[in-house]
Amino acid sequence: MPKQLKVNNSNSDWEDALQLFLSYKKAQGRSDLTIRDYERHISSFFKRYPDCFNDTEKLRKCLIEYLSQPMKPVTYNLRMKNLKAFLNWCVEEGIIPTNPIAKFKPRKTDDRIVEIDIETLQKLLQLPDRKTFAGLRDYALMLLTLDTGIRPKEAFSLLKDHFDFKNLQVVIPSDVAKTRVSRVLPISPVTANAIKKLISSRHPQWDDSVPVFCSVTGKPLNRYRWNERMREYSKQLGVKIRPYDLRHMFALLYLKNGGYELSLQKIMGHTTLEMTKKYVHFTQKDLQEIHAKATPINTLLKQPLNRVGNIKNQNKKKE
């Protein structure tokens, strides 16, 4: 039998239950961002429908009304997922008898794969003013993302001790990683040098608890500020580039340059290979070039009959 939680029959019952739910999730090791998402989405619903928590039928009608409003699939999935988790927990704790949306399924979303041309990325890397701390930080963060595919939130939490410049690698600790599984990422010398320069530019009074990618006052960088910075650079470029687009481009270019799916999965921190496969987004030209190099005919005939042009030239010689 689930443990019964005593609550009062008042409009504040959902708030009492929510605080216990958030404490439970914190005890499970959920990230601060996840906790904030739970609180925001759940509070948003019950503030709109404050009198439905203790009335099963009314709760069902309110949830259906709320989730049937026009919204993007991504928005729907976020709202449904957070509310579903909370209500499932309430059922387990005996706070409510049933979860009206227990059988609701997420809506299908189109994977947003962004492909940015190399010239645009090169121009982007030239925009940060590396004479300033903020510009140097932006440049180093762009390089790290394009070099490793690290998630922005993971990068924001990195400390000096997480970087091993001798062996050219960075450690993503389990408490920082989105999947709560630590991983070690190789970094290029140019990225390492940019990060070392950034660290050497820090204020002398900052201790090692100040993140590597921080504000000019030593406060941790966050996704909102990083989004603003990327919007500023996008305006200068005339091309919209979001922070996560850099992660996408790492994955695409890694595969196009010969990287393997399994190694990409490990680097990106994906829990399944299915998540990685969405980046296998080659153009027809890419497929032709790869086929020209990889076709078994090259080995079987022991001559590079790679392109139609080569075959025509060889036929002319025979004539």
# chains A, B, ... in the order shown; residues from 1 in each chain; ligands from 1

$ select_by_dssp --residues "segment 33-233 of chain A" --states "alpha helix (DSSP H)" --output "JSON, numbers by chain"
{"A": [33, 34, 35, 36, 37, 38, 39, 40, 41, 42, 43, 44, 45, 46, 47, 48, 56, 57, 58, 59, 60, 61, 62, 63, 64, 65, 66, 67, 73, 74, 75, 76, 77, 78, 79, 80, 81, 82, 83, 84, 85, 86, 87, 88, 89, 90, 91, 92, 118, 119, 120, 121, 122, 123, 124, 125, 126, 133, 134, 135, 136, 137, 138, 139, 140, 141, 142, 143, 144, 145, 146, 147, 148, 152, 153, 154, 155, 156, 189, 190, 191, 192, 193, 194, 195, 196, 197, 198, 199, 200, 223, 224, 225, 226, 227, 228, 229, 230, 231, 232, 233]}

$ select_by_dssp --residues "segment 78-231 of chain A" --states "strand (DSSP E or B)" --output "PyMOL selection string"
chain A and resi 163-164+169-172+183-186+214+220

$ closest_residue --among "A:Lys108, A:Lys26, A:Lys84, A:His248" --to "Arg151 of chain A" --atoms "only C-alpha atoms"
A:His248

$ closest_residue --among "A:Ile35, A:Ala155, A:Ala294, A:Val239" --to "Gln19 of chain A" --atoms "only C-alpha atoms"
A:Ile35

$ residues_around --residues "Ser200 of chain A" --least-positions-apart "4" --cutoff "12 Å" --atoms "only C-alpha atoms" --output "PyMOL selection string"
chain A and resi 133+136-137+160+193-196+204+206+212
